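J.: Below are the C-alpha cells for one structure; questions will follow.
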Amino acid sequence: MPPSLYLEQPVLLITTVLLLGLCVGSFLNVVIHRMPKMLERQWQTDAAEFRGETAPDTPKLTLATPRSRCPHCGHLITALENIPLLSYLVLRGRCSHCKAPIGIRYPVIEVLTALLSAAVAWKFGPTLQTAAGLLLIWSLLALTFIDLDTFLLPDDITLPLLWLGLLLNLNQIFVPLEAAVIGAMAGYLSLWSVYWLFKLVTGKEGMGYGDFKLLAALGAFLGWQALPGIILLSSVVGACVGISLMIFAKHGRETPIPFGPYLAAAGVLMLFFGETLSKLFLPL
C-alpha cells in the first residue's frame with residue numbers, strides 16, 4: 001500500500017496500526033509471561049556452571065517454543081483460539097477444552113497496546129516518529145507488566161531500547177543527538193545517585209538497577225528536557241499509590257512497590273505531551 005494513501009487518509013493509517021497493535025499485544029503477553037522464566041533458567045544455568053555443577057535439565061523455553069497451552073489442562077492453543085481479542089470474546093474467556101477461566105489481563109493488554117499504538121499513529125502520522133514511538137510504547141508495556149509481576153526490568157529490553165533511542169536520534173527523530181546522549185547519561189546517573197544516597201542514609205536499597213536503565217532509555221529517546229517531567233510525574237504518582245496501598249490495602253512500609261510502571265507511564269505522557277509538560281516542569 002503506497003505511503004501517499006496514508007497521507008490522504010489518516011483514518012486508514014490509524015486503523016491499520018490499531019489492528020497491528022492488537023497482534024503485537026498478543027505477542028507481548030507471551031513476552032511478559034515467558035521472559036522472566038527464561039531469565040530465571042539462564043541464571044540457574046550460570047550459577048551451576050560457576051559452582052562447577054551440571055546445569056539443570058529443563059525443557060527448552062523461548063518466545064517461540066513451545067506452543068502456548070492452557071495452564072490448567074495442557075490443551076494446545078490452536079490458531080483460531082489465538083486471534084487477538086476476538087478469540088477471547090468468542091470463547092467467553094474460557095478454555096475451549098476444560099472451560100477453565102482465561103485471565104482478563106490477556107485481552108486488556110491487547111486492547112491497551114492497540115489503543116496506544118493508534119494514538120501514536122494519530123499524533124505522528126505516516127512518519128518515522130510513528131515507527132519509533134510504536135517501538136517505545138511496546139517496550140514500555142512489556143516492561144511495565146514484567147515489573148508488576150516480578151520486580152524485574154530485564155536488560156534484554158532496557159539496554160536495546162537505550163541504544164535504539166540513540167541510534168534513531170542520529171537523525172533527530174525526536175530530539176537532537178546531543179540531547180539524547182545527555183538524556184541517557186543524566187537519566188541513569190540521576191536515579192543511580194538517589195539509589196546510593198538512600199542506601200548510605202538508610203542502609204537499604206530503595207530501587208533496582210533496572211530503573212536506572214529504563215530512565216536512561218527514556219532520556220535517549222526523548223532527550224534530557226523530558227527527564228524533569230518523567231521524574232516528577234513518576235515520583236508523585238508512585239508516592240500517591242504507595243500511600244493509598246498503605247491506607248486502604250494495609251501494605252506495610254517495608255512492602256516493595258515496583259517503580260518501573262510509573263517511569264513507563266510518565267514516559268508515555270512525555271511522548272504525547274512532552275512539549276507542554278516540559279514547559280511546565282523545567283522552570284521547577
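Chain labels A, B, ... are given in the sequence in which chains occur in the C-alpha cells; within each chain residues are numbered consecutively from 1, and ligands are likewise numbered from 1 in the order shown.
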Need to verify the contact set: Asp149 in chain A, 10 Å, only C-alpha atoms, exclusion of same-chain residues closer than 5 positions in sequence. Can you return it as a PyMOL selection string?
T.: chain A and resi 32-33+36+143-144+258
J.: Keeping C-alpha atoms for every residue in the selection just given, could you write it to a file as an mmCIF file, in the first residue's frame?
T.:
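Below is the file that was written, again-v7.cif:
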data_model
loop_
_atom_site.group_PDB
_atom_site.id
_atom_site.type_symbol
_atom_site.label_atom_id
_atom_site.label_comp_id
_atom_site.auth_asym_id
_atom_site.auth_seq_id
_atom_site.Cartn_x
_atom_site.Cartn_y
_atom_site.Cartn_z
ATOM 1 C CA ILE A 32 5.574 -10.844 29.704
ATOM 2 C CA HIS A 33 4.890 -14.438 30.702
ATOM 3 C CA PRO A 36 11.173 -13.842 33.381
ATOM 4 C CA LEU A 143 8.483 -3.741 30.969
ATOM 5 C CA THR A 144 5.509 -2.448 32.965
ATOM 6 C CA PRO A 258 7.781 -1.570 41.550
#
J.: Using only C-alpha atoms, tabulate the residues of range 175-280 of chain A lying at most 10 Å from any atom of range 132-135 of chain A, each with its closest atom pair and that distance in Å to one decimal, by chain and increasing residue number, as CSV.
T.:
residue,atom,partner,partner_atom,distance
A:Phe221,CA,A:Ala132,CA,8.8
A:Val268,CA,A:Gly133,CA,9.2
A:Leu271,CA,A:Gly133,CA,7.7
A:Phe272,CA,A:Gly133,CA,9.5
J.: Env of range 202-216 of chain A: 9 Å cut, atoms = only C-alpha atoms, seq-sep filter 5 positions within chain, self excluded. Answer as a ChimeraX atom specification.
T.: /A:140,143,151-155,158-159,161-162,183-192,194-197,221,227,230-231,256,258-260,263-264,267
J.: Could you save the residues just selected, with N, CA, C and O atoms, as a CSV table (one decimal), in the first residue's frame?
T.:
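Result saved to again-v2.csv:
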chain,number,residue,atom,x,y,z
A,140,LEU,N,7.7,-0.4,26.6
A,140,LEU,CA,7.3,0.1,27.9
A,140,LEU,C,6.2,-0.7,28.5
A,140,LEU,O,6.1,-1.0,29.7
A,143,LEU,N,7.7,-4.0,29.7
A,143,LEU,CA,8.5,-3.7,31.0
A,143,LEU,C,7.5,-3.5,32.1
A,143,LEU,O,7.8,-3.9,33.3
A,151,PHE,N,9.1,-7.7,39.7
A,151,PHE,CA,10.0,-6.6,40.2
A,151,PHE,C,11.3,-6.7,39.4
A,151,PHE,O,12.4,-6.3,39.9
A,152,LEU,N,11.2,-7.1,38.1
A,152,LEU,CA,12.4,-7.1,37.2
A,152,LEU,C,12.1,-6.2,36.0
A,152,LEU,O,11.0,-6.1,35.5
A,153,LEU,N,13.2,-5.5,35.6
A,153,LEU,CA,13.2,-4.8,34.3
A,153,LEU,C,14.3,-5.4,33.5
A,153,LEU,O,15.5,-5.0,33.6
A,154,PRO,N,14.1,-6.4,32.7
A,154,PRO,CA,15.1,-7.1,32.0
A,154,PRO,C,16.1,-6.3,31.1
A,154,PRO,O,15.6,-5.4,30.4
A,155,ASP,N,17.4,-6.5,31.3
A,155,ASP,CA,18.3,-5.9,30.4
A,155,ASP,C,18.1,-6.2,28.9
A,155,ASP,O,18.4,-5.4,28.0
A,158,THR,N,15.6,-3.2,28.3
A,158,THR,CA,16.0,-1.8,28.6
A,158,THR,C,17.3,-1.4,27.8
A,158,THR,O,17.3,-0.3,27.3
A,159,LEU,N,18.3,-2.3,27.7
A,159,LEU,CA,19.5,-1.9,27.0
A,159,LEU,C,19.3,-1.7,25.5
A,159,LEU,O,19.8,-0.7,24.9
A,161,LEU,N,16.7,-0.9,24.1
A,161,LEU,CA,15.8,0.3,24.0
A,161,LEU,C,16.7,1.6,24.1
A,161,LEU,O,16.5,2.6,23.4
A,162,LEU,N,17.7,1.6,25.0
A,162,LEU,CA,18.6,2.7,25.2
A,162,LEU,C,19.4,3.0,23.9
A,162,LEU,O,19.4,4.1,23.4
A,183,GLY,N,20.6,13.0,27.8
A,183,GLY,CA,19.4,12.4,28.4
A,183,GLY,C,19.7,11.0,28.9
A,183,GLY,O,19.3,10.6,30.0
A,184,ALA,N,20.4,10.2,28.1
A,184,ALA,CA,20.8,8.9,28.6
A,184,ALA,C,21.7,8.9,29.8
A,184,ALA,O,21.5,8.2,30.8
A,185,MET,N,22.7,9.8,29.8
A,185,MET,CA,23.6,9.9,30.9
A,185,MET,C,22.9,10.4,32.2
A,185,MET,O,23.0,9.9,33.3
A,186,ALA,N,22.2,11.5,32.0
A,186,ALA,CA,21.5,12.1,33.1
A,186,ALA,C,20.4,11.2,33.7
A,186,ALA,O,20.2,11.2,34.9
A,187,GLY,N,19.7,10.5,32.8
A,187,GLY,CA,18.7,9.6,33.3
A,187,GLY,C,19.3,8.5,34.2
A,187,GLY,O,18.7,8.2,35.3
A,188,TYR,N,20.4,7.9,33.7
A,188,TYR,CA,21.0,6.8,34.5
A,188,TYR,C,21.6,7.4,35.8
A,188,TYR,O,21.3,6.9,36.9
A,189,LEU,N,22.4,8.5,35.7
A,189,LEU,CA,23.1,9.0,36.9
A,189,LEU,C,22.2,9.6,37.9
A,189,LEU,O,22.5,9.6,39.1
A,190,SER,N,21.0,10.1,37.5
A,190,SER,CA,20.1,10.8,38.5
A,190,SER,C,19.6,9.7,39.5
A,190,SER,O,19.6,9.9,40.7
A,191,LEU,N,19.0,8.6,38.9
A,191,LEU,CA,18.5,7.6,39.8
A,191,LEU,C,19.6,6.8,40.5
A,191,LEU,O,19.4,6.3,41.6
A,192,TRP,N,20.7,6.7,39.8
A,192,TRP,CA,21.9,6.0,40.5
A,192,TRP,C,22.3,6.8,41.7
A,192,TRP,O,22.6,6.2,42.8
A,194,VAL,N,20.4,8.8,43.5
A,194,VAL,CA,19.3,8.7,44.5
A,194,VAL,C,19.5,7.3,45.2
A,194,VAL,O,19.3,7.2,46.5
A,195,TYR,N,19.8,6.3,44.4
A,195,TYR,CA,19.9,4.9,45.0
A,195,TYR,C,21.0,4.9,46.0
A,195,TYR,O,20.8,4.4,47.2
A,196,TRP,N,22.2,5.5,45.7
A,196,TRP,CA,23.3,5.4,46.7
A,196,TRP,C,23.1,6.3,47.8
A,196,TRP,O,23.5,6.0,49.0
A,197,LEU,N,22.5,7.5,47.6
A,197,LEU,CA,22.2,8.4,48.7
A,197,LEU,C,21.3,7.7,49.7
A,197,LEU,O,21.5,7.7,51.0
A,221,PHE,N,15.6,8.4,24.1
A,221,PHE,CA,14.5,8.6,23.2
A,221,PHE,C,14.0,10.0,23.2
A,221,PHE,O,13.9,10.6,22.1
A,227,LEU,N,13.3,14.6,31.1
A,227,LEU,CA,13.6,13.9,32.4
A,227,LEU,C,13.0,14.6,33.6
A,227,LEU,O,12.4,13.9,34.5
A,230,ILE,N,9.4,13.4,33.6
A,230,ILE,CA,9.3,12.0,33.9
A,230,ILE,C,9.5,11.7,35.4
A,230,ILE,O,8.8,10.9,36.0
A,231,ILE,N,10.6,12.3,35.9
A,231,ILE,CA,10.9,12.0,37.4
A,231,ILE,C,9.8,12.6,38.3
A,231,ILE,O,9.4,11.9,39.2
A,256,PRO,N,7.7,-3.9,49.1
A,256,PRO,CA,8.3,-3.2,47.9
A,256,PRO,C,7.2,-2.9,46.9
A,256,PRO,O,6.2,-3.6,46.8
A,258,PRO,N,7.0,-1.8,42.8
A,258,PRO,CA,7.8,-1.6,41.6
A,258,PRO,C,7.7,-0.1,41.1
A,258,PRO,O,6.6,0.4,41.0
A,259,PHE,N,8.8,0.5,40.7
A,259,PHE,CA,8.8,1.9,40.2
A,259,PHE,C,8.8,1.9,38.7
A,259,PHE,O,8.4,3.0,38.2
A,260,GLY,N,9.1,0.8,38.0
A,260,GLY,CA,9.2,0.8,36.6
A,260,GLY,C,7.9,1.2,35.9
A,260,GLY,O,7.9,2.0,35.0
A,263,LEU,N,7.6,5.0,35.9
A,263,LEU,CA,8.5,5.6,34.9
A,263,LEU,C,8.0,5.4,33.5
A,263,LEU,O,8.0,6.4,32.7
A,264,ALA,N,7.5,4.2,33.2
A,264,ALA,CA,6.9,3.9,31.9
A,264,ALA,C,5.7,4.8,31.6
A,264,ALA,O,5.6,5.4,30.5
A,267,GLY,N,6.8,8.2,30.9
A,267,GLY,CA,7.5,8.3,29.6
A,267,GLY,C,6.4,8.4,28.5
A,267,GLY,O,6.6,9.1,27.5
J.: Run DSSP on the backbone of this structure and report the residues of range 17-223 of chain A it assigns to strand (DSSP E or B), as a VMD selection string.
T.: chain A and resid 69 76 94 101
J.: Neighbours of Ala64 in chain A within 10 Å (only C-alpha atoms; same-chain residues fewer than 5 positions away dropped), as a list in words?
T.: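 After dropping sequence-adjacent residues, the list is Phe27, Val30, Val31 and Arg34 of chain A.
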J.: Write out the residues from the selection above, keeping C-alpha atoms, as an mmCIF file, in the first residue's frame.
T.:
data_model
loop_
_atom_site.group_PDB
_atom_site.id
_atom_site.type_symbol
_atom_site.label_atom_id
_atom_site.label_comp_id
_atom_site.auth_asym_id
_atom_site.auth_seq_id
_atom_site.Cartn_x
_atom_site.Cartn_y
_atom_site.Cartn_z
ATOM 1 C CA PHE A 27 2.839 -11.259 21.382
ATOM 2 C CA VAL A 30 3.977 -14.120 25.568
ATOM 3 C CA VAL A 31 6.972 -11.883 26.315
ATOM 4 C CA ARG A 34 7.969 -16.163 29.337
#
J.: A:Ile247, A:Tyr88, A:Glu275, A:Ile109: which is nearest Leu141 in chain A, counting only C-alpha atoms?
T.: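 Going through A:Ile247, A:Tyr88, A:Glu275, A:Ile109 one by one, the smallest distance to Leu141 in chain A is for A:Ile109.
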J.: Tell me which of A:Leu39, A:Val175, A:Leu80, A:Leu280 sits closest to Leu63 in chain A, counting only C-alpha atoms.
T.: A:Leu39
J.: Name the closest residue to Leu13 in chain A among the candidates A:Lys60, A:Cys98, A:Ala119, A:Gly125; distances are taken between atoms, counting only C-alpha atoms.
T.: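 Ranking A:Lys60, A:Cys98, A:Ala119, A:Gly125 by distance to Leu13 in chain A, first place goes to A:Gly125.
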J.: Find the residues near Leu85 in chain A: any atom within 8 Å, counting only C-alpha atoms, skip ones fewer than 3 places away on the same chain, and give them as a list in words.
T.: Leu22, Tyr88, Leu89, Pro107, Glu110 and Val111 of chain A
J.: Write the selection just made, keeping N, CA and C atoms, as a PDB file, in the first residue's frame?
T.:
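Output file again.pdb is given in full below:
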ATOM      1  N   LEU A  22      -3.141  -4.800  18.133  1.00  0.00           N
ATOM      2  CA  LEU A  22      -3.793  -5.975  18.715  1.00  0.00           C
ATOM      3  C   LEU A  22      -2.899  -7.202  18.591  1.00  0.00           C
ATOM      4  N   TYR A  88     -10.920 -14.447  22.571  1.00  0.00           N
ATOM      5  CA  TYR A  88     -11.341 -14.339  23.975  1.00  0.00           C
ATOM      6  C   TYR A  88     -12.839 -14.101  24.066  1.00  0.00           C
ATOM      7  N   LEU A  89     -13.357 -13.253  23.194  1.00  0.00           N
ATOM      8  CA  LEU A  89     -14.785 -12.950  23.217  1.00  0.00           C
ATOM      9  C   LEU A  89     -15.612 -14.154  22.774  1.00  0.00           C
ATOM     10  N   PRO A 107      -6.635 -10.035  27.258  1.00  0.00           N
ATOM     11  CA  PRO A 107      -7.268  -9.097  26.321  1.00  0.00           C
ATOM     12  C   PRO A 107      -7.054  -7.636  26.709  1.00  0.00           C
ATOM     13  N   GLU A 110      -3.867  -6.595  25.145  1.00  0.00           N
ATOM     14  CA  GLU A 110      -4.056  -6.473  23.697  1.00  0.00           C
ATOM     15  C   GLU A 110      -4.766  -5.170  23.336  1.00  0.00           C
ATOM     16  N   VAL A 111      -5.834  -4.856  24.060  1.00  0.00           N
ATOM     17  CA  VAL A 111      -6.591  -3.632  23.779  1.00  0.00           C
ATOM     18  C   VAL A 111      -5.762  -2.396  24.123  1.00  0.00           C
TER      19      VAL A 111
END
J.: Please determine, counting only C-alpha atoms, which residue among A:Pro71, A:Pro160, A:Gly103, A:Gly219 has the shortest atom-to-atom distance to Leu177 in chain A.
T.: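 For Leu177 in chain A, the nearest of the candidates is A:Gly219.
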J.: Could you check the closest approach to Ile14 in chain A for each of A:Ala180, A:Ile104, A:Leu136, A:Leu116 and tell me which residue wins, using only C-alpha atoms?
T.: A:Leu116
J.: Could you check which of A:Ala118, A:Val108, A:Cys95, A:Val181 is closest to Asn169 in chain A, using only C-alpha atoms?
T.: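 Nearest to Asn169 in chain A: A:Val181.
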J.: Could you please determine the separation between CA of Gln172 in chain A and CA of Met270 in chain A in Å, to one decimal place?
T.: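 Taking CA of Gln172 in chain A and CA of Met270 in chain A, their separation equals 16.6 Å.
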J.: Please identify the alpha helix (DSSP H) residues within range 35-179 of chain A (assignment by DSSP from backbone atoms) and present them as an NGL selection string.
T.: :A and (35-50 or 86-90 or 105-124 or 128-150 or 155-168 or 177-179)
J.: Quick one: residues within 8 Å of range 100-102 of chain A, only C-alpha atoms counted, chain neighbours fewer than 6 positions away excluded, as a list in words?
T.: His72, Gly93 and Arg94 of chain A
